[in-house]
>>> print(open('entry-v4.cif').read())   # mmCIF, C-alpha atoms
data_structure
#
loop_
_atom_site.group_PDB
_atom_site.id
_atom_site.type_symbol
_atom_site.label_atom_id
_atom_site.label_comp_id
_atom_site.auth_asym_id
_atom_site.auth_seq_id
_atom_site.Cartn_x
_atom_site.Cartn_y
_atom_site.Cartn_z
ATOM 1 C CA MET A 1 91.367 88.160 22.457
ATOM 2 C CA THR A 2 93.201 85.302 24.111
ATOM 3 C CA PHE A 3 96.703 84.748 25.375
ATOM 4 C CA THR A 4 99.125 82.744 23.238
ATOM 5 C CA LEU A 5 102.372 80.960 23.969
ATOM 6 C CA ILE A 6 105.277 83.257 23.137
ATOM 7 C CA PRO A 7 108.022 81.436 21.182
ATOM 8 C CA LEU A 8 111.394 80.960 22.801
ATOM 9 C CA PRO A 9 113.945 83.608 21.783
ATOM 10 C CA TYR A 10 116.320 80.803 20.732
ATOM 11 C CA ALA A 11 116.254 77.184 19.561
ATOM 12 C CA TYR A 12 115.255 74.429 21.985
ATOM 13 C CA ASN A 13 118.813 73.093 21.955
ATOM 14 C CA ALA A 14 120.492 76.501 22.331
ATOM 15 C CA LEU A 15 121.284 76.079 26.044
ATOM 16 C CA GLU A 16 122.899 72.651 25.798
ATOM 17 C CA PRO A 17 124.671 71.006 27.507
ATOM 18 C CA PHE A 18 123.532 72.942 30.580
ATOM 19 C CA ILE A 19 119.805 72.605 29.860
ATOM 20 C CA ASN A 20 119.037 69.941 27.293
ATOM 21 C CA GLU A 21 116.627 70.084 24.372
ATOM 22 C CA GLN A 22 114.160 67.584 25.801
ATOM 23 C CA THR A 23 113.796 69.597 29.003
ATOM 24 C CA MET A 24 113.276 72.829 27.069
ATOM 25 C CA ARG A 25 110.696 71.307 24.714
ATOM 26 C CA ILE A 26 108.613 69.893 27.551
ATOM 27 C CA HIS A 27 109.074 72.877 29.852
ATOM 28 C CA HIS A 28 108.090 75.422 27.194
ATOM 29 C CA GLY A 29 105.780 73.443 24.919
ATOM 30 C CA ASN A 30 103.876 71.621 27.649
ATOM 31 C CA HIS A 31 104.195 73.313 31.040
ATOM 32 C CA HIS A 32 104.209 76.908 29.797
ATOM 33 C CA GLN A 33 101.466 76.134 27.266
ATOM 34 C CA THR A 34 99.294 74.677 30.029
ATOM 35 C CA TYR A 35 99.534 77.909 32.037
ATOM 36 C CA VAL A 36 98.489 79.863 28.928
ATOM 37 C CA ASP A 37 95.506 77.572 28.328
ATOM 38 C CA LYS A 38 94.353 77.693 31.940
ATOM 39 C CA LEU A 39 94.674 81.476 32.106
ATOM 40 C CA ASN A 40 92.496 81.788 28.997
ATOM 41 C CA ALA A 41 89.906 79.457 30.500
ATOM 42 C CA ALA A 42 89.902 81.304 33.810
ATOM 43 C CA LEU A 43 89.330 84.698 32.186
ATOM 44 C CA LYS A 44 86.970 83.708 29.359
ATOM 45 C CA ASP A 45 84.126 85.661 30.986
ATOM 46 C CA ASN A 46 86.304 88.726 31.620
ATOM 47 C CA PRO A 47 87.154 90.135 28.164
ATOM 48 C CA ASP A 48 88.465 93.357 29.697
ATOM 49 C CA LEU A 49 91.147 91.373 31.528
ATOM 50 C CA LEU A 50 92.069 89.459 28.370
ATOM 51 C CA ARG A 51 93.157 92.774 26.883
ATOM 52 C CA LYS A 52 95.893 93.111 29.491
ATOM 53 C CA THR A 53 99.244 91.315 29.389
ATOM 54 C CA PRO A 54 99.921 88.526 31.909
ATOM 55 C CA GLU A 55 102.576 90.787 33.424
ATOM 56 C CA GLU A 56 100.043 93.599 33.897
ATOM 57 C CA LEU A 57 97.561 91.210 35.471
ATOM 58 C CA VAL A 58 100.091 89.882 37.963
ATOM 59 C CA LYS A 59 101.411 93.332 38.826
ATOM 60 C CA GLY A 60 97.889 94.547 39.543
ATOM 61 C CA LEU A 61 96.788 91.318 41.207
ATOM 62 C CA LYS A 62 95.435 92.926 44.377
ATOM 63 C CA SER A 63 93.162 95.244 42.398
ATOM 64 C CA LEU A 64 91.511 92.459 40.367
ATOM 65 C CA PRO A 65 88.044 91.085 41.170
ATOM 66 C CA LEU A 66 88.360 88.601 44.008
ATOM 67 C CA PRO A 67 87.082 85.558 42.035
ATOM 68 C CA VAL A 68 89.894 85.847 39.473
ATOM 69 C CA GLN A 69 92.752 86.685 41.826
ATOM 70 C CA ALA A 70 93.679 83.059 42.548
ATOM 71 C CA PRO A 71 93.703 81.884 38.899
ATOM 72 C CA VAL A 72 95.614 84.979 37.795
ATOM 73 C CA ARG A 73 98.103 84.410 40.609
ATOM 74 C CA ASN A 74 98.583 80.759 39.605
ATOM 75 C CA PHE A 75 98.167 80.734 35.831
ATOM 76 C CA GLY A 76 98.979 84.349 35.000
ATOM 77 C CA GLY A 77 102.014 84.057 37.234
ATOM 78 C CA GLY A 78 102.984 80.857 35.446
ATOM 79 C CA VAL A 79 102.819 82.584 32.066
ATOM 80 C CA ALA A 80 104.634 85.758 33.124
ATOM 81 C CA ASN A 81 107.315 84.015 35.184
ATOM 82 C CA HIS A 82 108.197 81.572 32.430
ATOM 83 C CA THR A 83 108.325 84.273 29.763
ATOM 84 C CA PHE A 84 110.744 86.240 31.930
ATOM 85 C CA PHE A 85 112.806 83.112 32.661
ATOM 86 C CA TRP A 86 113.351 82.370 28.958
ATOM 87 C CA ASP A 87 114.424 85.959 28.313
ATOM 88 C CA VAL A 88 117.174 86.042 30.939
ATOM 89 C CA MET A 89 118.956 82.986 29.569
ATOM 90 C CA LYS A 90 121.486 82.779 26.755
ATOM 91 C CA LYS A 91 124.825 81.034 26.391
ATOM 92 C CA ASP A 92 128.189 82.770 26.393
ATOM 93 C CA VAL A 93 127.098 86.160 27.732
ATOM 94 C CA GLY A 94 129.401 87.053 30.612
ATOM 95 C CA LEU A 95 128.731 89.436 33.482
ATOM 96 C CA LYS A 96 129.089 92.991 32.234
ATOM 97 C CA GLY A 97 127.903 96.550 32.562
ATOM 98 C CA GLU A 98 126.373 98.517 35.400
ATOM 99 C CA ILE A 99 124.813 95.445 36.994
ATOM 100 C CA ALA A 100 128.300 94.016 37.598
ATOM 101 C CA ILE A 101 129.304 97.168 39.472
ATOM 102 C CA ALA A 102 126.071 97.172 41.489
ATOM 103 C CA ILE A 103 126.431 93.511 42.482
ATOM 104 C CA GLU A 104 130.029 93.976 43.601
ATOM 105 C CA LYS A 105 129.131 97.106 45.560
ATOM 106 C CA GLN A 106 126.206 95.493 47.406
ATOM 107 C CA TYR A 107 127.485 91.941 47.892
ATOM 108 C CA GLY A 108 131.237 92.534 48.062
ATOM 109 C CA SER A 109 131.997 90.318 45.071
ATOM 110 C CA PHE A 110 130.238 88.415 42.322
ATOM 111 C CA ASP A 111 131.210 85.138 43.996
ATOM 112 C CA ALA A 112 129.531 86.215 47.235
ATOM 113 C CA PHE A 113 126.383 87.187 45.338
ATOM 114 C CA LYS A 114 126.407 83.937 43.376
ATOM 115 C CA GLN A 115 126.761 81.911 46.575
ATOM 116 C CA GLU A 116 123.893 83.707 48.322
ATOM 117 C CA PHE A 117 121.616 83.399 45.284
ATOM 118 C CA SER A 118 122.480 79.714 44.831
ATOM 119 C CA ASP A 119 121.896 78.962 48.519
ATOM 120 C CA MET A 120 118.488 80.661 48.400
ATOM 121 C CA ALA A 121 117.512 78.628 45.328
ATOM 122 C CA ALA A 122 118.767 75.361 46.798
ATOM 123 C CA LYS A 123 116.949 75.853 50.101
ATOM 124 C CA LEU A 124 113.605 76.971 48.687
ATOM 125 C CA PHE A 125 111.134 74.408 49.999
ATOM 126 C CA GLY A 126 108.893 72.808 47.419
ATOM 127 C CA SER A 127 108.323 74.563 44.105
ATOM 128 C CA GLY A 128 109.053 78.165 43.217
ATOM 129 C CA TRP A 129 111.507 80.731 41.941
ATOM 130 C CA THR A 130 114.580 82.622 43.145
ATOM 131 C CA TRP A 131 114.879 86.210 41.920
ATOM 132 C CA LEU A 132 117.256 89.127 41.849
ATOM 133 C CA VAL A 133 115.028 92.193 42.087
ATOM 134 C CA MET A 134 115.182 95.924 42.523
ATOM 135 C CA ASN A 135 113.406 96.893 45.727
ATOM 136 C CA GLN A 136 113.223 100.621 46.430
ATOM 137 C CA GLY A 137 116.406 101.211 44.476
ATOM 138 C CA LYS A 138 118.444 98.377 46.019
ATOM 139 C CA LEU A 139 119.238 94.873 44.826
ATOM 140 C CA GLU A 140 117.584 92.049 46.740
ATOM 141 C CA ILE A 141 117.480 88.262 46.406
ATOM 142 C CA VAL A 142 114.030 86.840 47.104
ATOM 143 C CA ASN A 143 112.216 83.519 46.852
ATOM 144 C CA THR A 144 108.605 83.121 45.753
ATOM 145 C CA GLN A 145 106.509 79.987 46.128
ATOM 146 C CA ASN A 146 104.601 78.290 43.328
ATOM 147 C CA GLN A 147 103.875 80.910 40.596
ATOM 148 C CA ASP A 148 103.962 83.991 42.814
ATOM 149 C CA SER A 149 105.771 86.997 41.380
ATOM 150 C CA PRO A 150 107.641 89.769 43.189
ATOM 151 C CA THR A 151 105.946 92.286 40.871
ATOM 152 C CA ALA A 152 102.756 91.824 42.919
ATOM 153 C CA ASP A 153 104.702 93.405 45.819
ATOM 154 C CA GLY A 154 106.060 96.268 43.738
ATOM 155 C CA LYS A 155 109.518 94.747 43.195
ATOM 156 C CA ILE A 156 111.221 94.829 39.785
ATOM 157 C CA PRO A 157 112.607 91.493 38.501
ATOM 158 C CA LEU A 158 116.091 91.463 36.994
ATOM 159 C CA LEU A 159 116.982 87.761 37.036
ATOM 160 C CA VAL A 160 115.236 84.510 37.939
ATOM 161 C CA ILE A 161 115.808 80.771 38.148
ATOM 162 C CA ASP A 162 112.936 78.305 38.021
ATOM 163 C CA VAL A 163 113.399 75.625 40.673
ATOM 164 C CA TRP A 164 110.207 73.700 40.070
ATOM 165 C CA GLU A 165 111.216 70.079 39.475
ATOM 166 C CA HIS A 166 109.939 70.174 35.891
ATOM 167 C CA ALA A 167 112.681 72.720 35.128
ATOM 168 C CA TYR A 168 115.452 70.194 35.714
ATOM 169 C CA TYR A 169 114.247 66.696 36.627
ATOM 170 C CA LEU A 170 114.604 65.097 33.180
ATOM 171 C CA GLN A 171 118.292 65.995 33.087
ATOM 172 C CA TYR A 172 119.383 66.348 36.705
ATOM 173 C CA GLN A 173 116.814 64.150 38.485
ATOM 174 C CA TYR A 174 116.655 65.188 42.174
ATOM 175 C CA LYS A 175 119.958 67.110 42.044
ATOM 176 C CA ARG A 176 118.674 70.675 42.214
ATOM 177 C CA VAL A 177 122.078 71.971 43.316
ATOM 178 C CA GLU A 178 123.696 70.565 40.167
ATOM 179 C CA PHE A 179 121.061 72.269 38.024
ATOM 180 C CA ILE A 180 121.650 75.599 39.770
ATOM 181 C CA LYS A 181 125.394 75.272 39.245
ATOM 182 C CA ALA A 182 124.903 74.559 35.530
ATOM 183 C CA TRP A 183 122.355 77.359 35.117
ATOM 184 C CA TRP A 184 124.938 80.048 35.859
ATOM 185 C CA ASN A 185 126.469 79.190 32.479
ATOM 186 C CA VAL A 186 123.362 80.386 30.635
ATOM 187 C CA VAL A 187 122.532 83.640 32.433
ATOM 188 C CA ASN A 188 122.010 86.405 29.884
ATOM 189 C CA TRP A 189 123.849 89.186 31.699
ATOM 190 C CA GLU A 190 123.362 91.492 28.734
ATOM 191 C CA LYS A 191 119.593 91.301 29.304
ATOM 192 C CA VAL A 192 119.935 91.597 33.080
ATOM 193 C CA ASN A 193 122.127 94.668 32.695
ATOM 194 C CA ALA A 194 119.631 96.266 30.295
ATOM 195 C CA LEU A 195 116.810 95.682 32.791
ATOM 196 C CA TYR A 196 118.883 97.138 35.617
ATOM 197 C CA ALA A 197 120.010 100.170 33.609
ATOM 198 C CA GLY A 198 116.419 100.865 32.601
ATOM 199 C CA LYS A 199 114.996 100.676 36.115
ATOM 200 C CA LYS A 200 117.640 102.021 38.493
#
>>> encode(input="entry-v4.cif", output="C-alpha cells")
Amino acid sequence: MTFTLIPLPYAYNALEPFINEQTMRIHHGNHHQTYVDKLNAALKDNPDLLRKTPEELVKGLKSLPLPVQAPVRNFGGGVANHTFFWDVMKKDVGLKGEIAIAIEKQYGSFDAFKQEFSDMAAKLFGSGWTWLVMNQGKLEIVNTQNQDSPTADGKIPLLVIDVWEHAYYLQYQYKRVEFIKAWWNVVNWEKVNALYAGKK
C-alpha cells in the first residue's frame, strides 16, 4: 500500500477570486503531491506504517520508531495538514451553528476572535499554520511551525490557515495580511461546526 494524493473537494477555481486557480493547482498538485511522494519514500521499508492514515501517523508520532519520526513529522504532517486545509474551505458558507455560540462565549464576539486569529497568523515567524483547536474541551488558537500538527499534542483541529508562502505568494506576493483577510471569505463554517459538534 502507498499513500495517494486526495482530490480537492471542489474545482481548482472554486475559491476565486480569494484564492486563484493557479495557486490552487500548484499548491495541491505540486506541493501536496510532493509531501505524499516523500512520505511514501520515507516509509517504504515500514509496510505496517503504510497501512495507517497520515492523520493516524501524525497523531501517534511520539510512539513511532525514532528513525521515522522526523519524516512522518515533516511529510506526514504535510499530507495531513493540507488535506485538512482543503476540507475547511468553501465559498459562501457563513458562520453558523454551535461553533458560532462557542466562539462568541469564549472570545466575546466573532470580530474579536477573527482579530486574534488573524494576528496570530500574521505574526507567525517563517512558515507554518494557525489553528483553531479544541484543547481539553475549550477553544484555543495555536500556531505550529513547518508541518507540525496540534494532533501530536492531543489537540483537536477545527479550522486552519496555511501561511507558508506557497499558499499565497503567486497571488498576494509578500502580503500575508492581505491573504489572511481574503481567506476569511472561504472558511467552510458548516464543516467547522460539524467538527466542533462531533468533538465537544
>>> atom_distance(input="entry-v4.cif", atom1="CA of Thr53 (chain A)", atom2="CA of Phe75 (chain A)")
12.4 Å
>>> resolve_selection(input="entry-v4.cif", expression="the PyMOL selection byres ((chain A and resi 186) around 8)", output="ChimeraX atom specification")
/A:15,18,89-93,182-185,187-188
>>> resolve_selection(input="entry-v4.cif", expression="the PyMOL selection byres ((chain A and resi 135) around 12)", output="mmCIF file with C-alpha atoms, in the coordinates of the input")
data_model
loop_
_atom_site.group_PDB
_atom_site.id
_atom_site.type_symbol
_atom_site.label_atom_id
_atom_site.label_comp_id
_atom_site.auth_asym_id
_atom_site.auth_seq_id
_atom_site.Cartn_x
_atom_site.Cartn_y
_atom_site.Cartn_z
ATOM 1 C CA TRP A 131 114.879 86.210 41.920
ATOM 2 C CA LEU A 132 117.256 89.127 41.849
ATOM 3 C CA VAL A 133 115.028 92.193 42.087
ATOM 4 C CA MET A 134 115.182 95.924 42.523
ATOM 5 C CA GLN A 136 113.223 100.621 46.430
ATOM 6 C CA GLY A 137 116.406 101.211 44.476
ATOM 7 C CA LYS A 138 118.444 98.377 46.019
ATOM 8 C CA LEU A 139 119.238 94.873 44.826
ATOM 9 C CA GLU A 140 117.584 92.049 46.740
ATOM 10 C CA ILE A 141 117.480 88.262 46.406
ATOM 11 C CA VAL A 142 114.030 86.840 47.104
ATOM 12 C CA PRO A 150 107.641 89.769 43.189
ATOM 13 C CA THR A 151 105.946 92.286 40.871
ATOM 14 C CA ASP A 153 104.702 93.405 45.819
ATOM 15 C CA GLY A 154 106.060 96.268 43.738
ATOM 16 C CA LYS A 155 109.518 94.747 43.195
ATOM 17 C CA ILE A 156 111.221 94.829 39.785
ATOM 18 C CA PRO A 157 112.607 91.493 38.501
ATOM 19 C CA LEU A 158 116.091 91.463 36.994
ATOM 20 C CA TYR A 196 118.883 97.138 35.617
ATOM 21 C CA LYS A 199 114.996 100.676 36.115
ATOM 22 C CA LYS A 200 117.640 102.021 38.493
#
>>> resolve_selection(input="entry-v4.cif", expression="the PyMOL selection byres ((chain A and resi 147) around 6)", output="list in words")
Asn74, Gly77, Gly78, Asn146 and Asp148 of chain A
>>> write_last_selection(input="entry-v4.cif", atoms="C-alpha atoms", output="PDB file, in the frame of the given file")
ATOM      1  CA  ASN A  74      98.583  80.759  39.605  1.00  0.00           C
ATOM      2  CA  GLY A  77     102.014  84.057  37.234  1.00  0.00           C
ATOM      3  CA  GLY A  78     102.984  80.857  35.446  1.00  0.00           C
ATOM      4  CA  ASN A 146     104.601  78.290  43.328  1.00  0.00           C
ATOM      5  CA  ASP A 148     103.962  83.991  42.814  1.00  0.00           C
TER       6      ASP A 148
END
>>> closest_residue(input="entry-v4.cif", among="A:Ala152, A:Gly94, A:Gln22, A:Asp45", to="Lys62 (chain A)", atoms="all atoms listed in the file")
A:Ala152
>>> residues_around(input="entry-v4.cif", residues="Lys44 (chain A)", least_positions_apart="3", cutoff="12 Å", atoms="all atoms listed in the file", output="list in words")
Met1, Thr2, Phe3, Asp37, Lys38, Leu39, Asn40, Ala41, Pro47, Asp48, Leu49, Leu50, Arg51, Val68 and Pro71 of chain A
